[in-house]
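See below for final.txt, which holds compact mmCIF, C-alpha atoms and all ligand atoms.
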# COMPACT_ATOMS: atom_id res chain seq x y z
CA MET A 1 -36.25 59.47 -159.46
CA GLY A 2 -35.44 56.56 -157.24
CA HIS A 3 -35.91 55.77 -153.60
CA MET A 4 -39.64 56.11 -153.47
CA GLU A 5 -41.33 53.79 -151.06
CA ILE A 6 -44.86 53.04 -150.12
CA THR A 7 -46.17 50.77 -147.40
CA ILE A 8 -49.48 49.04 -148.01
CA THR A 9 -51.25 47.69 -144.96
CA ASN A 10 -53.16 44.45 -145.45
CA PRO A 11 -53.40 44.33 -149.25
CA LEU A 12 -56.34 42.21 -150.37
CA ASP A 13 -57.11 40.51 -153.64
CA MET A 14 -60.89 40.47 -153.79
CA HIS A 15 -61.11 38.07 -156.77
CA LEU A 16 -58.61 35.26 -157.16
CA HIS A 17 -58.47 31.88 -158.90
CA VAL A 18 -56.00 29.48 -157.33
CA ARG A 19 -57.33 26.24 -158.90
CA ASP A 20 -56.57 22.90 -157.31
CA GLY A 21 -53.97 20.13 -157.29
CA GLU A 22 -50.51 20.90 -158.69
CA MET A 23 -51.50 24.32 -160.03
CA LEU A 24 -52.75 25.29 -156.57
CA GLN A 25 -49.39 24.27 -155.11
CA LEU A 26 -47.57 26.49 -157.59
CA VAL A 27 -49.74 29.64 -157.45
CA ALA A 28 -51.09 29.90 -153.88
CA PRO A 29 -47.75 30.92 -152.32
CA MET A 30 -47.35 33.74 -154.86
CA SER A 31 -50.54 35.41 -153.69
CA ALA A 32 -49.84 34.65 -150.04
CA ARG A 33 -46.47 36.39 -150.28
CA ASN A 34 -47.92 39.70 -151.48
CA PHE A 35 -51.38 39.81 -149.98
CA ALA A 36 -52.92 39.60 -146.53
CA GLY A 37 -55.96 37.81 -147.87
CA ALA A 38 -57.93 36.90 -150.97
CA VAL A 39 -61.43 36.03 -152.09
CA ILE A 40 -61.12 32.54 -153.53
CA MET A 41 -63.25 31.74 -156.57
CA PRO A 42 -65.28 28.51 -156.62
CA ASN A 43 -65.15 27.59 -160.34
CA LEU A 44 -63.20 24.37 -160.01
CA VAL A 45 -63.88 21.62 -162.58
CA GLN A 46 -66.31 20.36 -160.00
CA PRO A 47 -67.71 23.68 -158.70
CA VAL A 48 -67.47 24.38 -154.96
CA ALA A 49 -71.21 24.18 -154.35
CA ASN A 50 -71.65 22.76 -150.87
CA LEU A 51 -70.22 23.45 -147.44
CA GLN A 52 -68.20 20.27 -147.24
CA ALA A 53 -66.52 21.00 -150.58
CA MET A 54 -65.82 24.56 -149.48
CA HIS A 55 -64.33 23.41 -146.21
CA THR A 56 -62.02 20.84 -147.76
CA TYR A 57 -61.01 23.26 -150.54
CA ALA A 58 -60.15 25.91 -147.93
CA GLU A 59 -57.96 23.36 -146.17
CA ARG A 60 -56.12 22.56 -149.39
CA VAL A 61 -55.62 26.24 -150.21
CA ARG A 62 -54.41 26.98 -146.70
CA GLU A 63 -51.91 24.18 -146.86
CA ALA A 64 -50.65 25.19 -150.29
CA ALA A 65 -50.38 28.88 -149.34
CA ASN A 66 -48.50 27.90 -146.19
CA ASP A 67 -48.78 31.38 -144.69
CA SER A 68 -50.58 32.03 -141.43
CA HIS A 69 -50.90 35.71 -142.41
CA PHE A 70 -52.94 35.03 -145.54
CA THR A 71 -56.67 35.05 -144.80
CA LEU A 72 -58.93 33.00 -147.04
CA PHE A 73 -62.30 34.44 -147.93
CA MET A 74 -64.08 31.47 -149.43
CA THR A 75 -66.96 31.60 -151.89
CA LEU A 76 -69.63 29.11 -152.82
CA PHE A 77 -70.72 28.57 -156.40
CA PHE A 78 -74.22 29.99 -156.75
CA ARG A 79 -77.19 27.61 -156.89
CA ASN A 80 -80.47 27.60 -155.01
CA TYR A 81 -79.46 27.28 -151.36
CA SER A 82 -81.95 26.82 -148.52
CA GLU A 83 -82.04 29.26 -145.65
CA LYS A 84 -80.69 26.51 -143.43
CA GLU A 85 -77.69 25.96 -145.70
CA LEU A 86 -77.00 29.69 -145.84
CA ARG A 87 -77.10 29.98 -142.05
CA ALA A 88 -74.73 27.03 -141.78
CA ALA A 89 -72.39 28.66 -144.32
CA GLN A 90 -72.34 31.85 -142.27
CA ASN A 91 -71.19 29.88 -139.27
CA MET A 92 -68.14 28.63 -141.12
CA PRO A 93 -65.05 30.69 -140.30
CA ASN A 94 -63.78 31.32 -143.85
CA PHE A 95 -67.08 31.83 -145.63
CA PHE A 96 -67.31 35.12 -147.49
CA GLY A 97 -70.04 35.09 -150.15
CA ILE A 98 -71.61 33.42 -153.15
CA LYS A 99 -70.41 33.77 -156.73
CA LEU A 100 -73.03 33.78 -159.44
CA TYR A 101 -72.12 32.78 -162.97
CA PRO A 102 -74.72 32.88 -165.73
CA ALA A 103 -74.56 29.38 -167.26
CA GLY A 104 -71.78 28.91 -169.80
CA VAL A 105 -70.24 32.39 -169.86
CA THR A 106 -66.75 31.42 -168.75
CA THR A 107 -64.36 28.72 -167.47
CA ASN A 108 -66.22 25.92 -165.63
CA SER A 109 -69.54 27.77 -165.48
CA ASP A 110 -71.77 25.18 -167.16
CA GLU A 111 -73.55 24.64 -163.84
CA GLY A 112 -74.32 28.36 -163.59
CA VAL A 113 -77.66 30.11 -163.36
CA ARG A 114 -80.09 29.89 -166.30
CA SER A 115 -82.95 31.97 -164.88
CA LEU A 116 -82.69 34.62 -162.18
CA ARG A 117 -86.43 34.36 -161.54
CA ALA A 118 -85.87 30.80 -160.37
CA VAL A 119 -83.36 31.82 -157.69
CA GLU A 120 -85.15 34.75 -156.09
CA SER A 121 -85.76 32.99 -152.78
CA THR A 122 -82.03 32.36 -152.36
CA LEU A 123 -81.28 35.99 -153.13
CA ARG A 124 -83.91 37.07 -150.59
CA HIS A 125 -82.33 34.89 -147.90
CA MET A 126 -78.88 36.24 -148.75
CA GLU A 127 -80.22 39.76 -148.44
CA GLU A 128 -81.74 39.03 -145.04
CA LEU A 129 -78.63 37.27 -143.75
CA GLY A 130 -76.19 39.84 -145.16
CA ILE A 131 -74.37 37.41 -147.44
CA PRO A 132 -72.63 39.18 -150.35
CA LEU A 133 -73.51 38.22 -153.92
CA LEU A 134 -70.59 38.33 -156.35
CA VAL A 135 -71.56 38.30 -160.01
CA HIS A 136 -69.83 37.52 -163.27
CA GLY A 137 -71.93 40.00 -165.23
CA GLU A 138 -71.91 38.96 -168.86
CA SER A 139 -74.68 37.98 -171.28
CA GLN A 140 -74.35 35.38 -174.04
CA GLY A 141 -74.41 38.10 -176.70
CA PHE A 142 -71.75 39.59 -178.96
CA VAL A 143 -68.48 39.48 -177.05
CA LEU A 144 -67.90 43.25 -176.82
CA ASP A 145 -71.48 43.89 -175.68
CA ARG A 146 -71.78 41.17 -173.05
CA GLU A 147 -71.14 43.37 -170.03
CA ALA A 148 -73.33 46.20 -171.31
CA GLU A 149 -76.14 43.73 -171.98
CA PHE A 150 -75.92 42.47 -168.42
CA LEU A 151 -76.17 45.91 -166.80
CA PRO A 152 -80.01 45.87 -166.74
CA VAL A 153 -79.79 42.65 -164.72
CA TYR A 154 -77.55 44.36 -162.18
CA ARG A 155 -80.00 47.26 -162.07
CA ARG A 156 -82.94 44.95 -161.49
CA LEU A 157 -81.09 43.06 -158.74
CA ALA A 158 -80.05 46.31 -157.05
CA GLU A 159 -83.63 47.58 -157.06
CA GLN A 160 -85.33 44.33 -156.14
CA PHE A 161 -82.89 43.55 -153.28
CA PRO A 162 -81.93 46.96 -151.89
CA LYS A 163 -80.13 45.53 -148.84
CA LEU A 164 -78.25 42.85 -150.75
CA ILE A 165 -74.53 43.56 -151.18
CA ILE A 166 -73.96 43.03 -154.90
CA CYS A 167 -70.45 43.05 -156.28
CA MET A 168 -70.06 43.55 -160.02
CA GLU A 169 -66.93 41.50 -160.60
CA HIS A 170 -64.15 42.59 -162.95
CA ILE A 171 -65.99 45.47 -164.58
CA THR A 172 -64.58 46.62 -167.91
CA THR A 173 -66.74 49.47 -169.18
CA ALA A 174 -67.51 53.13 -168.55
CA ALA A 175 -71.19 52.16 -168.51
CA ALA A 176 -70.61 49.84 -165.55
CA ILE A 177 -68.99 52.67 -163.57
CA GLN A 178 -72.00 54.83 -164.33
CA LEU A 179 -74.42 52.17 -163.08
CA LEU A 180 -72.30 51.69 -159.96
CA ASN A 181 -72.75 55.36 -159.17
CA GLU A 182 -76.53 55.03 -159.36
CA HIS A 183 -76.99 52.31 -156.72
CA GLU A 184 -75.52 52.38 -153.23
CA ASN A 185 -75.82 48.61 -152.82
CA LEU A 186 -73.61 47.92 -155.83
CA CYS A 187 -69.85 47.71 -155.53
CA ALA A 188 -67.29 46.50 -158.03
CA THR A 189 -63.92 44.88 -158.43
CA VAL A 190 -61.47 46.07 -161.07
CA THR A 191 -58.54 43.98 -162.29
CA LEU A 192 -55.03 45.14 -163.01
CA HIS A 193 -55.24 44.01 -166.63
CA HIS A 194 -58.38 46.00 -167.36
CA LEU A 195 -56.56 49.10 -166.10
CA GLU A 196 -53.71 48.36 -168.50
CA LEU A 197 -55.19 46.84 -171.65
CA THR A 198 -57.61 47.50 -174.44
CA LEU A 199 -58.73 45.02 -177.06
CA ASP A 200 -56.01 46.44 -179.31
CA ASP A 201 -53.38 45.01 -176.99
CA VAL A 202 -55.01 41.58 -177.22
CA LEU A 203 -55.57 41.34 -180.96
CA GLY A 204 -54.92 44.67 -182.65
CA GLY A 205 -51.52 43.45 -183.79
CA MET A 206 -50.17 39.97 -183.27
CA MET A 207 -52.67 37.96 -181.25
CA LYS A 208 -51.63 37.64 -177.60
CA PRO A 209 -53.12 34.56 -175.96
CA HIS A 210 -51.73 35.49 -172.55
CA LEU A 211 -53.78 38.70 -172.62
CA PHE A 212 -57.02 36.91 -173.47
CA CYS A 213 -59.50 36.91 -170.62
CA LYS A 214 -63.17 37.28 -169.89
CA PRO A 215 -64.61 39.80 -169.95
CA VAL A 216 -62.35 40.81 -172.85
CA ALA A 217 -60.58 44.15 -172.54
CA LYS A 218 -62.64 46.90 -174.16
CA ARG A 219 -62.03 50.37 -175.62
CA GLU A 220 -59.68 53.12 -174.54
CA ASP A 221 -62.50 55.26 -173.12
CA ASP A 222 -63.62 52.29 -171.02
CA ARG A 223 -60.11 51.79 -169.69
CA GLU A 224 -59.90 55.49 -168.87
CA ALA A 225 -63.19 55.40 -166.97
CA LEU A 226 -61.93 52.47 -164.88
CA LEU A 227 -58.65 54.27 -164.23
CA GLN A 228 -60.42 57.44 -163.24
CA ALA A 229 -62.64 55.62 -160.73
CA VAL A 230 -59.73 53.74 -159.20
CA LEU A 231 -57.29 56.66 -159.06
CA SER A 232 -59.88 58.95 -157.51
CA GLY A 233 -60.33 56.48 -154.67
CA HIS A 234 -63.93 55.59 -155.50
CA PRO A 235 -65.17 54.10 -152.19
CA ARG A 236 -67.05 51.21 -153.79
CA VAL A 237 -64.33 50.08 -156.17
CA MET A 238 -61.94 47.41 -154.94
CA PHE A 239 -59.00 45.56 -156.37
CA GLY A 240 -59.67 42.00 -157.53
CA SER A 241 -56.91 40.61 -159.72
CA ASP A 242 -58.96 37.86 -161.38
CA SER A 243 -55.57 36.22 -161.67
CA ALA A 244 -56.58 33.05 -163.49
CA PRO A 245 -53.69 30.70 -164.29
CA HIS A 246 -53.92 28.18 -167.10
CA PRO A 247 -51.02 25.92 -168.07
CA VAL A 248 -49.06 27.22 -171.06
CA HIS A 249 -50.35 24.43 -173.32
CA LYS A 250 -53.94 25.57 -172.66
CA LYS A 251 -53.05 29.15 -173.64
CA GLU A 252 -50.76 28.59 -176.63
CA CYS A 253 -53.06 26.41 -178.68
CA CYS A 254 -56.10 26.49 -180.97
CA GLU A 255 -58.66 26.91 -178.21
CA CYS A 256 -56.98 29.36 -175.89
CA ALA A 257 -58.47 29.36 -172.38
CA ALA A 258 -59.54 32.74 -170.99
CA GLY A 259 -57.49 34.02 -168.08
CA ILE A 260 -54.51 36.21 -167.25
CA PHE A 261 -52.06 35.15 -164.57
CA SER A 262 -51.21 38.37 -162.77
CA ALA A 263 -50.81 37.41 -159.11
CA PRO A 264 -47.00 37.70 -158.89
CA VAL A 265 -46.86 41.15 -160.51
CA ALA A 266 -50.17 42.65 -159.42
CA LEU A 267 -49.13 44.88 -156.52
CA CYS A 268 -46.00 46.15 -158.24
CA CYS A 269 -47.89 47.02 -161.41
CA LEU A 270 -50.58 48.81 -159.41
CA ALA A 271 -47.90 50.84 -157.64
CA LYS A 272 -46.54 51.82 -161.04
CA ILE A 273 -49.94 52.96 -162.30
CA PHE A 274 -50.80 54.92 -159.17
CA ALA A 275 -47.35 56.52 -158.99
CA GLU A 276 -47.42 57.50 -162.66
CA HIS A 277 -50.69 59.29 -162.10
CA GLY A 278 -49.58 61.00 -158.90
CA ALA A 279 -52.17 59.04 -156.94
CA ILE A 280 -50.03 56.74 -154.83
CA ASP A 281 -51.94 57.95 -151.75
CA LYS A 282 -55.08 56.30 -153.17
CA LEU A 283 -53.55 52.82 -153.55
CA GLN A 284 -54.28 51.81 -149.95
CA ALA A 285 -58.01 52.46 -150.44
CA PHE A 286 -58.13 50.46 -153.66
CA VAL A 287 -56.21 47.41 -152.46
CA SER A 288 -57.54 47.17 -148.93
CA ASP A 289 -59.53 49.88 -147.16
CA ASN A 290 -62.53 49.97 -149.50
CA ALA A 291 -63.01 46.22 -149.21
CA CYS A 292 -62.53 46.17 -145.44
CA ARG A 293 -65.12 48.89 -145.00
CA ARG A 294 -67.60 47.41 -147.46
CA TYR A 295 -67.52 43.90 -146.07
CA ASN A 296 -66.43 44.50 -142.46
CA LEU A 297 -63.34 42.41 -143.03
CA ILE A 298 -60.59 41.79 -140.56
CA PRO A 299 -57.64 40.55 -142.62
CA SER A 300 -54.41 39.14 -141.30
CA LYS A 301 -51.87 41.78 -140.36
CA LYS A 302 -49.34 42.23 -143.11
CA LYS A 303 -47.40 45.27 -144.30
CA VAL A 304 -46.03 45.18 -147.81
CA ILE A 305 -43.32 47.71 -148.55
CA LEU A 306 -43.00 48.58 -152.23
CA CYS A 307 -40.10 50.54 -153.69
CA ASP A 308 -39.24 51.88 -157.11
CA THR A 309 -36.44 49.41 -157.76
CA PRO A 310 -37.36 47.46 -160.92
CA MET A 311 -38.57 43.89 -160.80
CA GLN A 312 -37.58 41.52 -163.60
CA VAL A 313 -40.59 39.36 -164.42
CA PRO A 314 -39.67 35.79 -165.37
CA MET A 315 -40.74 34.36 -168.75
CA GLU A 316 -42.59 31.63 -166.91
CA TYR A 317 -43.21 30.17 -163.50
CA CYS A 318 -42.57 26.43 -163.28
CA GLY A 319 -43.06 23.86 -160.58
CA TYR A 320 -45.10 20.81 -159.62
CA GLY A 321 -45.08 19.80 -163.28
CA GLN A 322 -46.83 23.05 -164.24
CA LYS A 323 -45.72 25.91 -166.45
CA ILE A 324 -47.51 29.28 -166.53
CA THR A 325 -46.77 32.56 -168.26
CA PRO A 326 -47.38 35.63 -166.10
CA LEU A 327 -48.61 39.04 -167.18
CA HIS A 328 -45.57 41.10 -168.29
CA ALA A 329 -43.45 37.98 -168.78
CA GLY A 330 -39.86 38.91 -169.57
CA GLU A 331 -40.45 42.60 -168.93
CA GLN A 332 -39.27 44.91 -166.19
CA VAL A 333 -41.83 46.45 -163.87
CA PRO A 334 -40.46 49.67 -162.31
CA TRP A 335 -41.67 48.78 -158.81
CA SER A 336 -40.83 45.80 -156.63
CA ILE A 337 -41.52 44.43 -153.19
CA LYS A 338 -38.83 45.50 -150.79
CA ASN A 339 -40.08 43.77 -147.70
CA VAL A 340 -43.10 42.16 -146.08
CA GLU A 341 -43.70 42.57 -142.36
CA VAL A 342 -46.21 40.62 -140.35
O1 LIG A 401 -60.58 35.18 -167.93
C1 LIG A 401 -61.21 34.58 -167.10
N1 LIG A 401 -60.72 33.47 -166.52
N2 LIG A 401 -62.41 35.02 -166.77
C2 LIG A 401 -63.21 34.31 -165.96
O2 LIG A 401 -64.30 34.75 -165.70
C3 LIG A 401 -62.80 33.00 -165.44
C4 LIG A 401 -61.36 32.90 -165.40
C5 LIG A 401 -60.91 31.47 -165.20
O3 LIG A 401 -61.39 30.83 -164.26
O4 LIG A 401 -60.09 31.00 -165.98
ZN ZN A 402 -62.65 35.32 -162.16
Produce structure tokens that represent the structure in this file.
Amino acid sequence: MGHMEITITNPLDMHLHVRDGEMLQLVAPMSARNFAGAVIMPNLVQPVANLQAMHTYAERVREAANDSHFTLFMTLFFRNYSEKELRAAQNMPNFFGIKLYPAGVTTNSDEGVRSLRAVESTLRHMEELGIPLLVHGESQGFVLDREAEFLPVYRRLAEQFPKLIICMEHITTAAAIQLLNEHENLCATVTLHHLELTLDDVLGGMMKPHLFCKPVAKREDDREALLQAVLSGHPRVMFGSDSAPHPVHKKECCECAAGIFSAPVALCCLAKIFAEHGAIDKLQAFVSDNACRRYNLIPSKKKVILCDTPMQVPMEYCGYGQKITPLHAGEQVPWSIKNVEV
């Protein structure tokens, strides 16, 4: 072993939370260092639900990331938008798509959608204009069944809006992969943590708040189905970290916030997984090519060279008065970033 290297061209994180304020200052550079671009989620305390808010948020993220080779793909928080608003959004340089949260299913989603029937006209306009719909697909049911219970909604959307690009965000189940295979207009993001974890890791032994996220990690056969899709280079499966930082005091407490902070270790851990399974040649498709093809993206030019020299993951990342615990805190990851070329 030793001295393996792989160069990834334009790695993209298709689902990223960078927050705002001090937390944004701390986390944005970590993604910018390792990725050529990212889809920025709109679930701020005050959701990003109009063009002005999106524009000013993009400016803040750009400034915090401080990297001219990190392309921002901005999303709006789903509500009923007029055709005029949607056309105006499309004319904005960083606009990417619209993220739909069912009301109340996760962090800052209280303003989410209560009835899909009531938003059909917006979906129709998005379909006609070619604006991607990104969906947090969970019901309000029993926690382990929430994704499965939402699958009929995905199916209905896929059938009712056959030209609409629908991304099933952070899928966690074998059943979701199966549905994906049945509809050409569905695609999906898969996180690093759902490739690594099952519910046993979260609470099968000592309870691990830093591994608690939504959707919660599921069963081993679900994890294996996700792995299989990703490692086989499934053309409609893309990497989205769902890296979702919360300050340590919001994780290590009685009401632990959902979210795993994986941005600084994501690429290295993916390299480990793909290498272990003899599928390192499929990593490029998962972390960049599939997304570029699906969405016609032109990311910034960035080459990230990974090598199999271990990376020591810090116990925490601190700065700007913030403290966050990353995925694999205190552990060694067998791959690291050797160099980044722009
Ligand atoms: O674990 C999660 N954290 N899942 C989500 O859907 C939202 C995210 C967050 O914003 O904290
Ligand atoms: Zn998310």
Item to check | Contacts of ligand LIG 401 (chain A), 7 Å or closer, only C-alpha atoms and all ligand atoms, given as a PyMOL selection string | outcome: chain A and resi 17+43+106-107+136+212-215+242+244-246+257-260
Edge lengths and centre in Å to one decimal, as lines of an AutoDock Vina configuration file, of the axis-aligned box that encloses all listed atoms of region 7-20 of chain A with 5 Å added on every side?
center_x = -53.6
center_y = 36.8
center_z = -151.9
size_x = 24.9
size_y = 37.9
size_z = 23.9
Next on the checklist: Show me, as a list in words, the residues that have an atom within 12 Å of Cys318 (chain A) when counting all atoms listed in the file, minus same-chain residues fewer than 6 positions from it.
Outcome noted: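 Counting only the stated atoms, we get Glu22, Met23, Gln25, Leu26, Val27, Pro245, Pro247, Val248, Ile324, Thr325 and Pro326 of chain A.
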Item to check | Surrounding residues of Gln160 (chain A) excluding itself and chain neighbours under 4 positions, 10 Å, all atoms listed in the file, as an MDAnalysis selection string | outcome: chainID A and resid 120 123:124 154:156 164
Item to check | Shell around Gly37 (chain A) at 6 Å using all atoms listed in the file, local window under 2 positions removed, as a list in words | outcome: Leu12, Phe35, Phe70, Thr71 and Leu72 of chain A
Checklist entry - What's the 8 Å shell around region 167-183 of chain A, counting only C-alpha atoms, without same-chain residues fewer than 4 positions away, as a PyMOL selection string? => result chain A and resi 15+132-137+147-148+151+154-155+158+187-191+194+215-218+221-226+229+240+242
Next on the checklist: Please compute the CA of Glu83 (chain A)-CA of His125 (chain A) distance, one decimal, in Å.
Outcome noted: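 Spanning CA of Glu83 (chain A) to CA of His125 (chain A) is a straight-line distance of 6.1 Å.
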Checklist entry - From the set A:Lys250, A:Glu138, A:Arg236, A:Val105, which residue has the shortest atom-to-atom contact distance to Pro152 (chain A), counting all atoms listed in the file? => result A:Glu138
Checklist entry - Just how far from CA of Lys208 (chain A) is CA of Lys323 (chain A), in Å to one decimal? => result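 Taking CA of Lys323 (chain A) as the start and CA of Lys208 (chain A) as the end point, the length is 17.2 Å.
The residue that comes closest to ligand ZN 402 (chain A), out of A:Met126, A:Val39, A:Cys256, A:Leu267 and on the basis of all atoms listed in the file, is A:Val39.
Of the residues under consideration (A:Asp13, A:Glu5, A:Glu184, A:Glu111), A:Asp13 shows the shortest atom-to-atom contact distance to ligand ZN 402 (chain A) when counting only C-alpha atoms and all ligand atoms.
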Checklist entry - Using only C-alpha atoms, which residues sit within 8 Å of Val61 (chain A) once same-chain residues fewer than 6 positions away are excluded, as a PyMOL selection string? => result chain A and resi 18+20+24+28
Next on the checklist: Here is a test: counting only C-alpha atoms and all ligand atoms, which residue of A:Asn50, A:Ser82, A:Thr198, A:Asn108 is nearest to ligand ZN 402 (chain A)?
Outcome noted: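 Once distances to ligand ZN 402 (chain A) are computed over only C-alpha atoms and all ligand atoms, the minimum belongs to A:Asn108.
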